[in-house]
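Shown below: data_37.cif, with mmCIF, C-alpha atoms.
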```cif
data_structure
loop_
_atom_site.label_atom_id
_atom_site.label_comp_id
_atom_site.auth_asym_id
_atom_site.auth_seq_id
_atom_site.Cartn_x
_atom_site.Cartn_y
_atom_site.Cartn_z
CA MET A 229 36.51 25.97 -63.59
CA THR A 230 35.88 23.00 -61.33
CA LEU A 231 38.35 22.21 -58.59
CA ALA A 232 38.33 19.42 -56.03
CA LEU A 233 39.48 20.45 -52.60
CA GLY A 234 41.45 17.26 -52.03
CA GLY A 235 41.33 15.15 -48.91
CA PRO A 236 42.96 11.83 -48.13
CA GLY A 237 43.99 9.67 -51.04
CA LEU A 238 43.84 5.92 -51.15
CA ALA A 239 47.20 5.71 -49.42
CA CYS A 240 48.11 9.39 -49.25
CA SER A 241 47.94 11.25 -45.98
CA ALA A 242 49.88 14.31 -44.94
CA MET A 243 49.32 13.39 -41.31
CA ARG A 244 50.83 9.95 -41.85
CA LEU A 245 53.89 11.58 -43.40
CA ARG A 246 54.15 13.91 -40.42
CA ARG A 247 53.99 10.94 -38.12
CA LEU A 248 56.67 9.23 -40.19
CA ALA A 249 58.88 12.32 -39.96
CA ALA A 250 58.34 12.46 -36.20
CA GLY A 251 59.43 8.84 -35.80
CA GLU A 252 56.01 7.70 -34.69
CA LEU A 253 55.50 4.95 -37.22
CA LEU A 254 57.12 1.64 -36.46
CA GLY A 255 57.50 -1.76 -38.02
CA GLU A 256 55.19 -2.68 -40.83
CA GLU A 257 53.34 0.64 -40.75
CA ARG A 258 56.59 2.50 -41.20
CA ALA A 259 57.72 0.19 -43.99
CA ARG A 260 54.39 0.64 -45.79
CA ALA A 261 54.56 4.41 -45.47
CA GLU A 262 58.14 4.55 -46.74
CA GLU A 263 57.37 2.26 -49.64
CA HIS A 264 54.39 4.37 -50.63
CA LEU A 265 56.36 7.58 -50.29
CA ALA A 266 59.09 6.27 -52.57
CA GLY A 267 56.63 5.88 -55.42
CA CYS A 268 54.11 8.69 -54.87
CA ALA A 269 54.78 12.13 -56.32
CA ARG A 270 51.98 13.72 -54.28
CA CYS A 271 53.40 12.43 -51.00
CA GLN A 272 56.93 13.34 -52.04
CA ALA A 273 55.74 16.90 -52.53
CA THR A 274 54.17 16.82 -49.08
CA ALA A 275 57.39 15.42 -47.62
CA ARG A 276 59.31 18.30 -49.18
CA GLU A 277 56.91 20.73 -47.57
CA ILE A 278 57.43 19.04 -44.22
CA GLU A 279 61.18 19.41 -44.63
CA ALA A 280 60.73 23.05 -45.59
CA GLU A 281 58.76 23.59 -42.38
CA ARG A 282 61.75 22.29 -40.45
CA ARG A 283 64.03 24.87 -42.04
CA ASP A 284 61.44 27.57 -41.62
CA LEU A 285 61.14 26.85 -37.91
CA ALA A 286 64.91 26.83 -37.39
CA GLU A 287 65.13 30.29 -38.96
CA SER A 288 62.01 31.80 -37.45
CA LEU A 289 61.95 30.30 -34.00
CA PRO A 290 65.28 28.80 -32.88
CA PHE A 291 65.18 26.41 -29.98
CA GLN A 292 66.46 28.83 -27.35
CA GLU A 293 63.85 31.41 -28.26
CA PHE A 294 61.14 28.78 -28.41
CA ALA A 295 62.15 27.38 -25.03
CA ALA A 296 62.25 30.78 -23.41
CA GLY A 297 58.79 31.57 -24.77
CA VAL A 298 57.34 28.31 -23.52
CA ALA A 299 58.97 28.87 -20.15
CA GLU A 300 57.52 32.35 -19.95
CA ARG A 301 54.03 31.02 -20.63
CA LEU A 302 54.37 28.29 -18.08
CA ALA A 303 55.53 30.80 -15.53
CA ARG A 304 52.60 33.15 -15.91
CA PRO A 305 51.07 33.54 -12.46
CA ALA A 306 47.50 33.14 -13.65
CA GLN A 307 48.30 29.64 -14.72
CA GLY A 308 49.46 28.54 -11.27
CA PRO A 309 52.54 26.49 -10.54
CA LEU A 310 53.51 23.71 -12.84
CA VAL A 311 53.19 20.47 -10.93
CA LEU A 312 54.70 17.44 -12.50
CA ARG A 313 53.49 14.52 -10.52
CA ALA A 314 55.05 11.12 -10.78
CA LEU A 315 57.60 12.23 -13.30
CA PRO A 316 61.12 11.12 -12.60
CA LEU A 317 63.28 13.92 -11.36
CA ALA A 318 65.59 13.73 -14.31
CA LEU A 319 62.69 14.01 -16.72
CA ALA A 320 61.22 16.96 -14.92
CA ALA A 321 64.56 18.65 -14.85
CA GLY A 322 64.92 17.86 -18.51
CA LEU A 323 61.82 19.90 -19.13
CA ALA A 324 63.65 22.82 -17.72
CA VAL A 325 66.32 22.74 -20.34
CA ALA A 326 64.37 25.72 -21.38
CA ALA A 327 60.84 25.28 -20.26
CA ALA A 328 62.50 26.72 -17.24
CA THR A 329 59.75 28.36 -15.40
CA PRO A 330 58.53 28.95 -11.93
CA LEU A 331 61.83 29.67 -10.35
CA LEU A 332 63.06 31.39 -13.44
CA LEU A 333 65.13 34.42 -12.73
CA ARG A 334 66.29 36.41 -15.68
CA LEU A 335 69.86 37.52 -15.58
CA THR A 336 69.44 41.20 -15.06
CA ARG A 337 72.04 43.45 -13.64
CA PRO A 338 70.88 46.86 -14.72
CA GLU A 339 73.01 48.44 -12.01
CA ASP A 340 76.21 47.74 -13.90
CA GLY A 341 74.81 47.77 -17.39
CA THR A 342 75.62 44.13 -18.07
CA ARG A 343 73.33 42.94 -20.77
CA PRO A 344 72.18 39.33 -20.49
CA LYS A 345 73.06 37.27 -23.52
CA GLY A 346 69.43 36.32 -23.78
CA GLY A 347 67.13 34.33 -21.57
CA ALA A 348 69.64 32.65 -19.28
CA SER A 349 67.85 31.20 -16.29
CA ALA A 350 67.75 28.32 -13.86
CA VAL A 351 65.01 26.16 -12.44
CA LEU A 352 65.10 24.15 -9.27
CA PHE A 353 63.14 20.92 -9.09
CA ALA A 354 62.28 19.13 -5.89
CA GLN A 355 61.40 15.49 -5.53
CA GLU A 356 59.42 14.21 -2.56
CA GLY A 357 58.48 10.57 -2.87
CA ALA A 358 57.25 9.98 -6.39
CA ALA A 359 56.19 13.57 -6.99
CA VAL A 360 58.46 16.04 -8.68
CA ARG A 361 57.69 19.70 -8.98
CA ALA A 362 59.34 22.84 -10.13
CA LEU A 363 59.68 25.17 -7.19
CA ALA A 364 57.84 28.43 -7.55
CA PRO A 365 59.37 31.66 -6.25
CA GLY A 366 59.27 31.63 -2.48
CA ASP A 367 58.43 27.95 -2.24
CA PRO A 368 60.07 26.46 0.84
CA ILE A 369 62.44 23.54 0.51
CA PRO A 370 60.96 20.51 2.25
CA GLU A 371 63.22 18.56 4.60
CA GLY A 372 64.77 15.61 2.84
CA ALA A 373 63.71 16.73 -0.66
CA ARG A 374 66.05 15.81 -3.45
CA LEU A 375 66.84 18.90 -5.46
CA ARG A 376 68.09 19.21 -8.97
CA LEU A 377 68.98 22.38 -10.74
CA SER A 378 68.51 22.82 -14.45
CA LEU A 379 70.30 25.54 -16.39
CA VAL A 380 69.44 27.55 -19.44
CA PRO A 381 72.86 29.12 -19.96
CA ALA A 382 71.89 31.07 -23.09
CA GLY A 383 75.24 30.73 -24.74
CA ARG A 384 77.53 31.16 -21.73
CA ARG A 385 80.41 28.72 -21.72
CA ASN A 386 81.20 28.09 -18.08
CA ALA A 387 79.12 27.72 -14.97
CA ALA A 388 79.68 27.44 -11.26
CA VAL A 389 76.85 26.70 -8.87
CA TYR A 390 76.96 27.31 -5.13
CA VAL A 391 74.73 26.90 -2.14
CA VAL A 392 75.32 29.87 0.13
CA ASP A 393 73.77 30.05 3.57
CA ALA A 394 74.59 31.03 7.13
CA ASP A 395 77.20 28.26 7.29
CA GLY A 396 79.12 29.54 4.28
CA ALA A 397 79.33 28.58 0.63
CA ALA A 398 79.49 25.09 -0.87
CA LEU A 399 80.39 24.41 -4.47
CA LEU A 400 77.78 22.23 -6.12
CA TYR A 401 79.00 22.28 -9.71
CA ALA A 402 81.80 23.77 -11.78
CA GLY A 403 82.29 23.09 -15.46
CA PRO A 404 80.82 23.66 -18.89
CA ALA A 405 77.56 25.57 -18.90
CA LEU A 406 75.50 22.86 -20.49
CA ALA A 407 71.80 23.36 -20.98
CA GLY A 408 69.72 21.07 -18.84
CA PRO A 409 69.92 19.43 -15.47
CA LEU A 410 73.17 19.31 -13.54
CA PRO A 411 74.69 15.85 -13.32
CA ASP A 412 74.01 15.46 -9.62
CA ALA A 413 71.00 16.09 -7.46
CA PHE A 414 71.52 17.29 -3.91
CA GLU A 415 69.85 17.58 -0.58
CA TRP A 416 70.15 20.87 1.23
CA THR A 417 70.77 20.02 4.83
CA GLY A 418 71.47 23.51 6.08
CA GLY A 419 69.05 25.79 7.88
CA GLY A 420 67.48 28.70 6.08
CA PRO A 421 67.56 31.10 4.58
CA GLY A 422 70.07 30.46 1.82
CA THR A 423 70.73 31.14 -1.82
CA LEU A 424 71.43 28.95 -4.77
CA LEU A 425 73.85 30.99 -6.81
CA VAL A 426 74.61 30.29 -10.46
CA LEU A 427 77.53 32.10 -12.05
CA LEU A 428 77.80 32.02 -15.81
CA SER A 429 80.72 33.28 -17.80
CA ASP A 430 82.31 33.05 -21.21
CA GLY A 431 85.72 32.94 -19.56
CA PRO A 432 87.06 30.48 -16.99
CA LEU A 433 85.73 30.68 -13.45
CA ASP A 434 88.02 30.01 -10.50
CA ALA A 435 85.32 28.08 -8.71
CA VAL A 436 87.31 27.32 -5.55
CA ALA A 437 88.50 30.88 -5.01
CA LEU A 438 84.97 32.11 -5.64
CA ALA A 439 83.61 29.71 -3.04
CA ALA A 440 85.97 31.20 -0.48
CA ARG A 441 84.92 34.72 -1.39
CA LEU A 442 81.22 33.83 -1.30
CA GLY A 443 81.77 32.30 2.11
CA ARG A 444 83.15 35.61 3.32
CA GLU A 445 80.89 38.04 1.47
CA GLY A 446 77.70 36.03 1.03
CA ALA A 447 75.55 35.38 -2.01
CA ARG A 448 75.25 39.07 -2.87
CA ALA A 449 78.97 39.27 -3.55
CA GLU A 450 79.79 40.93 -6.83
CA PRO A 451 80.28 38.35 -9.60
CA PRO A 452 83.68 38.23 -11.31
CA PRO A 453 84.11 40.63 -14.24
CA GLY A 454 82.17 39.41 -17.26
CA ALA A 455 80.23 36.86 -15.25
CA GLU A 456 76.52 36.99 -14.63
CA ALA A 457 74.60 35.65 -11.68
CA VAL A 458 71.27 33.95 -11.13
CA ARG A 459 70.20 33.79 -7.51
CA LEU A 460 67.48 31.49 -6.30
CA PRO A 461 66.35 31.98 -2.72
CA LEU A 462 66.26 28.93 -0.49
CA ARG A 463 64.20 28.66 2.63
CA ARG A 464 63.23 25.75 4.76
CA GLY A 465 59.70 24.51 5.37
CA ARG A 466 56.73 22.84 3.74
CA ARG A 467 54.17 24.27 1.37
CA MET B 275 80.49 25.80 4.50
CA ALA B 276 76.84 25.46 3.54
CA ARG B 277 75.57 22.01 4.35
CA LEU B 278 74.37 19.86 1.54
CA THR B 279 74.55 16.26 0.42
CA VAL B 280 75.32 15.63 -3.20
CA ILE B 281 73.42 12.69 -4.64
CA GLU B 282 75.52 11.49 -7.52
CA GLY B 283 73.45 11.10 -10.63
CA GLY B 284 70.45 12.21 -8.63
CA ARG B 285 68.58 8.93 -8.62
CA ALA B 286 69.17 5.24 -8.82
CA GLU B 287 69.89 4.19 -12.38
CA ALA B 288 66.84 1.96 -12.55
CA GLU B 289 64.56 4.90 -11.77
CA ARG B 290 65.85 7.04 -14.57
CA PRO B 291 63.67 7.38 -17.59
CA GLY B 292 64.83 5.43 -20.58
CA PRO B 293 65.78 6.99 -23.87
CA SER B 294 62.25 6.78 -25.18
CA ALA B 295 60.88 8.55 -22.13
CA SER B 296 63.43 11.30 -21.92
CA PRO B 297 65.65 11.58 -24.93
CA ALA B 298 68.75 13.56 -24.14
CA PRO B 299 69.23 16.31 -23.55
CA GLY B 300 65.67 17.12 -22.60
CA LEU B 301 62.03 16.58 -23.28
CA LEU B 302 61.39 20.06 -24.58
CA GLU B 303 64.23 19.84 -27.04
CA ASP B 304 62.90 16.52 -28.26
CA LEU B 305 59.41 17.95 -28.62
CA TYR B 306 60.86 20.86 -30.54
CA ARG B 307 62.79 18.64 -32.90
CA ARG B 308 60.02 16.17 -33.56
CA HIS B 309 56.91 18.28 -33.51
CA ALA B 310 57.54 22.01 -33.52
CA PRO B 311 58.10 22.26 -37.30
CA ALA B 312 54.66 20.84 -37.99
CA VAL B 313 52.99 22.91 -35.29
CA TYR B 314 54.68 26.07 -36.48
CA GLY B 315 53.76 25.19 -40.06
CA ARG B 316 50.13 24.75 -39.05
CA CYS B 317 50.11 28.02 -37.15
CA ARG B 318 51.64 29.89 -40.07
CA PHE B 319 49.25 28.29 -42.49
CA LEU B 320 46.19 29.28 -40.51
CA LEU B 321 47.29 32.60 -39.07
CA ARG B 322 49.24 33.92 -42.06
CA ASP B 323 51.52 35.88 -39.81
CA PRO B 324 54.97 34.72 -38.67
CA GLU B 325 54.89 36.64 -35.41
CA ALA B 326 51.45 35.34 -34.50
CA ALA B 327 52.56 31.85 -35.51
CA ARG B 328 55.59 32.00 -33.22
CA ASP B 329 53.39 33.04 -30.33
CA ALA B 330 50.81 30.40 -31.10
CA THR B 331 53.45 27.67 -31.38
CA GLN B 332 54.77 28.47 -27.93
CA ASP B 333 51.21 28.61 -26.57
CA VAL B 334 50.57 25.14 -27.97
CA PHE B 335 53.67 23.63 -26.39
CA ALA B 336 53.02 25.30 -23.05
CA ARG B 337 49.58 23.77 -23.16
CA ALA B 338 51.04 20.39 -24.07
CA LEU B 339 53.47 20.52 -21.17
CA ARG B 340 50.66 21.31 -18.79
CA ALA B 341 48.81 18.30 -20.09
CA LEU B 342 51.87 16.09 -20.28
CA PRO B 343 50.21 12.86 -19.09
CA GLU B 344 47.46 13.31 -21.67
CA PHE B 345 50.00 14.10 -24.36
CA ARG B 346 52.10 11.07 -23.51
CA ALA B 347 49.03 8.84 -23.48
CA ALA B 348 47.91 9.98 -26.92
CA ALA B 349 47.94 7.28 -29.57
CA SER B 350 49.68 9.72 -31.86
CA PRO B 351 51.47 12.67 -30.27
CA THR B 352 51.73 14.31 -33.69
CA THR B 353 47.99 14.16 -34.26
CA TRP B 354 47.32 15.33 -30.71
CA LEU B 355 49.56 18.36 -31.07
CA MET B 356 48.25 19.24 -34.51
CA ARG B 357 44.73 19.18 -33.17
CA ILE B 358 45.69 21.48 -30.33
CA ALA B 359 47.43 23.80 -32.77
CA THR B 360 44.52 23.80 -35.20
CA HIS B 361 41.99 24.43 -32.49
CA HIS B 362 44.08 27.19 -30.96
CA CYS B 363 44.56 28.99 -34.26
CA LEU B 364 40.93 28.63 -35.30
CA ASN B 365 39.97 30.21 -32.00
CA LEU B 366 42.35 33.08 -32.65
CA LEU B 367 40.85 33.55 -36.08
CA ARG B 368 37.24 33.60 -34.99
CA ALA B 369 37.16 37.30 -34.41
CA ALA B 370 39.00 38.17 -37.57
CA ARG B 371 37.05 36.41 -40.25
CA ALA B 372 35.06 39.27 -41.64
CA GLY B 373 37.31 39.48 -44.68
CA TRP B 374 36.83 35.94 -45.88
CA ARG B 375 35.44 37.03 -49.27
CA ASP B 376 38.65 38.83 -50.14
CA GLU B 377 40.69 35.90 -48.92
CA VAL B 378 38.71 33.47 -51.02
CA ARG B 379 39.15 35.69 -54.07
CA ARG B 380 42.88 35.95 -53.47
CA ALA B 381 43.23 32.21 -52.96
CA ALA B 382 41.13 31.45 -56.03
CA ASP B 383 42.51 34.02 -58.42
CA GLY B 384 46.09 34.61 -57.29
CA ARG B 385 47.57 31.72 -59.24
CA ARG B 386 45.04 31.70 -62.03
CA ALA B 387 46.59 34.89 -63.34
CA GLN B 388 49.74 32.81 -63.90
CA GLY B 389 47.79 30.04 -65.57
CA LEU B 390 47.96 27.80 -62.53
CA GLU B 391 45.18 26.12 -60.60
CA PRO B 392 44.43 27.59 -57.20
CA ASP B 393 46.33 25.98 -54.37
CA ARG B 394 43.77 23.65 -52.82
CA ARG B 395 44.93 24.06 -49.27
CA GLU B 396 45.10 27.83 -49.56
CA LEU B 397 41.56 27.76 -50.84
CA VAL B 398 40.46 25.54 -47.98
CA ARG B 399 42.10 27.92 -45.52
CA ALA B 400 40.29 30.89 -47.02
CA LEU B 401 37.00 29.01 -47.09
CA LEU B 402 37.27 28.23 -43.37
CA GLY B 403 36.18 31.79 -42.71
CA ALA B 404 32.84 31.15 -44.32
CA ALA B 405 32.31 27.79 -42.67
CA PRO B 406 30.36 27.09 -39.49
CA VAL B 407 32.69 27.12 -36.49
CA GLU B 408 31.97 23.51 -35.62
CA ALA B 409 32.91 22.35 -39.13
CA ARG B 410 36.30 24.03 -39.35
CA GLU B 411 38.47 21.62 -37.43
CA ALA B 412 37.13 18.61 -39.31
CA ALA B 413 37.77 20.43 -42.58
CA VAL B 414 41.40 21.10 -41.69
CA LEU B 415 41.97 17.52 -40.57
CA TYR B 416 40.36 16.15 -43.72
CA TYR B 417 41.46 18.50 -46.48
CA VAL B 418 44.80 19.67 -45.14
CA ASP B 419 46.02 16.80 -43.01
CA GLU B 420 44.40 14.26 -45.32
CA MET B 421 43.11 12.18 -42.47
CA THR B 422 40.32 9.75 -43.20
CA GLN B 423 36.93 10.29 -41.61
CA GLU B 424 37.60 7.31 -39.36
CA GLU B 425 40.91 8.79 -38.25
CA ILE B 426 39.24 12.14 -37.57
CA ALA B 427 36.52 10.47 -35.54
CA LEU B 428 39.15 8.67 -33.49
CA ALA B 429 41.29 11.77 -32.98
CA THR B 430 38.45 14.09 -32.06
CA GLY B 431 36.31 11.66 -30.09
CA ARG B 432 33.34 12.35 -32.40
CA SER B 433 31.19 9.74 -34.04
CA LEU B 434 31.72 8.97 -37.69
CA PRO B 435 28.29 10.37 -38.66
CA THR B 436 29.14 13.60 -36.84
CA VAL B 437 32.43 13.91 -38.69
CA ARG B 438 30.67 13.27 -41.98
CA LYS B 439 27.99 15.82 -41.15
CA ARG B 440 30.58 18.48 -40.36
CA LEU B 441 32.49 17.85 -43.55
CA ARG B 442 29.28 18.21 -45.51
CA GLN B 443 28.53 21.43 -43.67
CA PHE B 444 31.93 22.71 -44.67
CA LEU B 445 31.46 21.68 -48.27
CA ALA B 446 28.06 23.32 -48.45
CA SER B 447 29.39 26.54 -47.03
CA ALA B 448 32.38 26.36 -49.37
CA ARG B 449 30.11 26.04 -52.40
CA ALA B 450 28.03 28.98 -51.27
CA ALA B 451 31.13 31.06 -50.55
CA LEU B 452 32.67 30.35 -53.94
CA ALA B 453 29.40 31.13 -55.68
CA GLU B 454 29.40 34.49 -53.94
CA ALA B 455 33.06 35.41 -54.10
CA CYS B 456 34.30 33.58 -57.22
CA PRO B 457 31.43 32.61 -59.50
CA GLY B 458 33.87 31.18 -62.04
CA LEU B 459 35.09 28.50 -59.66
CA THR B 460 32.97 25.55 -58.57
CA LEU B 461 33.47 22.38 -56.61
CA PRO B 462 32.59 19.10 -58.28
CA GLU B 463 29.09 17.84 -57.61
CA GLY B 464 28.79 14.45 -55.99
CA ASP B 465 32.09 14.95 -54.21
CA GLU B 466 30.56 14.69 -50.78
CA PRO B 467 32.72 13.11 -48.09
#
```

What is this structure when it is put down as structure tokens?
Amino acid sequence: MTLALGGPGLACSAMRLRRLAAGELLGEERARAEEHLAGCARCQATAREIEAERRDLAESLPFQEFAAGVAERLARPAQGPLVLRALPLALAAGLAVAAATPLLLRLTRPEDGTRPKGGASAVLFAQEGAAVRALAPGDPIPEGARLRLSLVPAGRRNAAVYVVDADGAALLYAGPALAGPLPDAFEWTGGGPGTLLVLLSDGPLDAVALAARLGREGARAEPPPGAEAVRLPLRRGRR
Amino acid sequence: MARLTVIEGGRAEAERPGPSASPAPGLLEDLYRRHAPAVYGRCRFLLRDPEAARDATQDVFARALRALPEFRAAASPTTWLMRIATHHCLNLLRAARAGWRDEVRRAADGRRAQGLEPDRRELVRALLGAAPVEAREAAVLYYVDEMTQEEIALATGRSLPTVRKRLRQFLASARAALAEACPGLTLPEGDEP
């Protein structure tokens, strides 16, 4: 039996179909690819396989799991800190929707048996001039740096974010626990040390009452029942 | 109260990345939606193991994020990522290729028992184990991704004669491997790339 191994056809290319599916082809190139696809059984079969890959991925590696895995790899110490130079702050924070790495603190409260819902974390990005970087654990906060927190809420519905330091507690955000960067950046003008505290809960959070309690008890205050906490240490200085 | 200044929206509107630079809600989610199915498909195809493919897929995207400027400058992000994925998986497979004869037999004979031709790409995958290391990537890009030799040369930064040479190396090794593992199956003569 003689069998050809295949290879590109006159107008057939699996890679071109992948590029089409990824939205990379534009204008005339896209029109040509679509026209060819409409009349080519071989490419239609390839397109079906590409669609099947999409379903396969969604079942085998859902986004949250994927993002947590990528974040974990990026956070590995041997790789060094992730430095994102010249990327706009919002873009860098967008990476952390789940790439969420250097300042990633898993929600673990083994002392009370609360089980994290899976990979919830937060990443703090700092912008100085044109450079944006994810802050690694222990990284000092430079004076004047614009900070933006990005959440990976891992299914929690509500979030409240506080800056807690020697001057008390300030509420930075309260609302739906949406994955990704918070709407507003901020500049921490207090002295150190401090804590950026993220509370995540399936139920409502009384953010104002909690701020008062955090002001009295500090960032180590027990979270409300059912809520989980991510604490990111803040300290002043330069790298 | 802790002292902080909230900067509404974080930055001036003009400095924000546009939709093409940072599609909501985040770059990683966009990468996942656009490219992860193909990368995962490639990893599964080459590694034959869902768990290993999941790990490899995440490795590939971590690598892409570390090389973000290079990724964003690529003429085709899809091609760039697929190359990374292919290269990564071929590296993982290097140490585990001793069983290529059995794989070639399975790929060649598995469907023939049902009266079907062997799956060409499955056969190519099995034959990679018998091919010289330097010829494997070109073989995947040509026979699986169906890229032209010119496209492969462009994507890999190799010269066209080098690409052609590597494809011929692959084909020669494939012929020898089939002759050894599946004497009943041959590749057409004069089918050189």

Open item on the list: Please compute the CA of Gly251 (chain A)-CA of Ala348 (chain B) distance, one decimal, in Å.
Closed with: 14.6 Å

TODO: For Val398 (chain B), work out the shell of residues within 8 Å, counting only C-alpha atoms and skipping chain neighbours fewer than 4 positions away, then give it as number ranges by chain.
DONE: A: 233; B: 394, 402, 413-414, 417-418

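With only C-alpha atoms taken into account, every residue lying no more than 9 Å from the file point (66.2, 22.2, 8.2) is included here: Ile369, Pro370, Glu371, Gly372, Trp416, Thr417, Gly418, Gly419, Gly420, Arg463, Arg464 and Gly465 of chain A.
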
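In this comparison, which uses only C-alpha atoms, the residue of B:Ala448, B:Ala336, B:Ala312, B:Leu305 approaching Leu401 (chain B) most closely is B:Ala448.
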
TODO: Would you kindly return, as a list in words, each protein, DNA or RNA residue with an atom no farther than 9 Å from any atom of Arg385 (chain A), considering all atoms listed in the file and excluding same-chain residues fewer than 2 positions away?
DONE: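 Listing them by chain and then by number gives Pro381, Ala382, Gly383, Ala387, Gly403, Pro404, Ala405, Leu406, Leu428, Ser429, Asp430, Gly431 and Pro432 of chain A.
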
- [ ] Spell out the residues picked by the PyMOL selection byres ((chain A and resi 376) around 7) here, as a ChimeraX atom specification.
- [x] /A:321,352-354,374-375,377-378,409-410,413-414

Taking the file as shown, find all residues satisfying the PyMOL selection byres ((chain B and resi 314) around 9) and write them as a PDB file with C-alpha atoms, in the frame of the given file.
```
ATOM      1  CA  GLU A 281      58.760  23.590 -42.380  1.00  0.00           C
ATOM      2  CA  ARG A 282      61.750  22.290 -40.450  1.00  0.00           C
ATOM      3  CA  ASP A 284      61.440  27.570 -41.620  1.00  0.00           C
ATOM      4  CA  LEU A 285      61.140  26.850 -37.910  1.00  0.00           C
ATOM      5  CA  LEU A 289      61.950  30.300 -34.000  1.00  0.00           C
TER       6      LEU A 289
ATOM      7  CA  HIS B 309      56.910  18.280 -33.510  1.00  0.00           C
ATOM      8  CA  ALA B 310      57.540  22.010 -33.520  1.00  0.00           C
ATOM      9  CA  PRO B 311      58.100  22.260 -37.300  1.00  0.00           C
ATOM     10  CA  ALA B 312      54.660  20.840 -37.990  1.00  0.00           C
ATOM     11  CA  VAL B 313      52.990  22.910 -35.290  1.00  0.00           C
ATOM     12  CA  GLY B 315      53.760  25.190 -40.060  1.00  0.00           C
ATOM     13  CA  ARG B 316      50.130  24.750 -39.050  1.00  0.00           C
ATOM     14  CA  CYS B 317      50.110  28.020 -37.150  1.00  0.00           C
ATOM     15  CA  ARG B 318      51.640  29.890 -40.070  1.00  0.00           C
ATOM     16  CA  PHE B 319      49.250  28.290 -42.490  1.00  0.00           C
ATOM     17  CA  PRO B 324      54.970  34.720 -38.670  1.00  0.00           C
ATOM     18  CA  ALA B 327      52.560  31.850 -35.510  1.00  0.00           C
ATOM     19  CA  ARG B 328      55.590  32.000 -33.220  1.00  0.00           C
ATOM     20  CA  ALA B 330      50.810  30.400 -31.100  1.00  0.00           C
ATOM     21  CA  THR B 331      53.450  27.670 -31.380  1.00  0.00           C
ATOM     22  CA  GLN B 332      54.770  28.470 -27.930  1.00  0.00           C
ATOM     23  CA  ALA B 359      47.430  23.800 -32.770  1.00  0.00           C
TER      24      ALA B 359
END
```

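Note that CA of Gly235 (chain A) and CA of Ala326 (chain B) are 26.8 Å apart.
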
TODO: One decimal, Å: what's the distance from CA of Arg346 (chain B) over to CA of Arg308 (chain B), could you say?
DONE: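 About the pair CA of Arg346 (chain B) and CA of Arg308 (chain B): they are 13.8 Å apart.
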
TODO: Determine, counting all atoms listed in the file, which protein, DNA and RNA residues have an atom within 7 Å of an atom of Arg459 (chain A); residues of the same chain fewer than 6 positions away are not included. Present the result as a list in words.
DONE: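 Once the nearby chain positions are removed, what remains is Thr423, Leu424, Leu425 and Val426 of chain A.
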
- [ ] Could you tell me which residues the PyMOL selection byres ((chain B and resi 451) around 10) returns for this structure, as an MDAnalysis selection string?
- [x] chainID B and resid 374:375 378:379 400:405 445:450 452:457 460
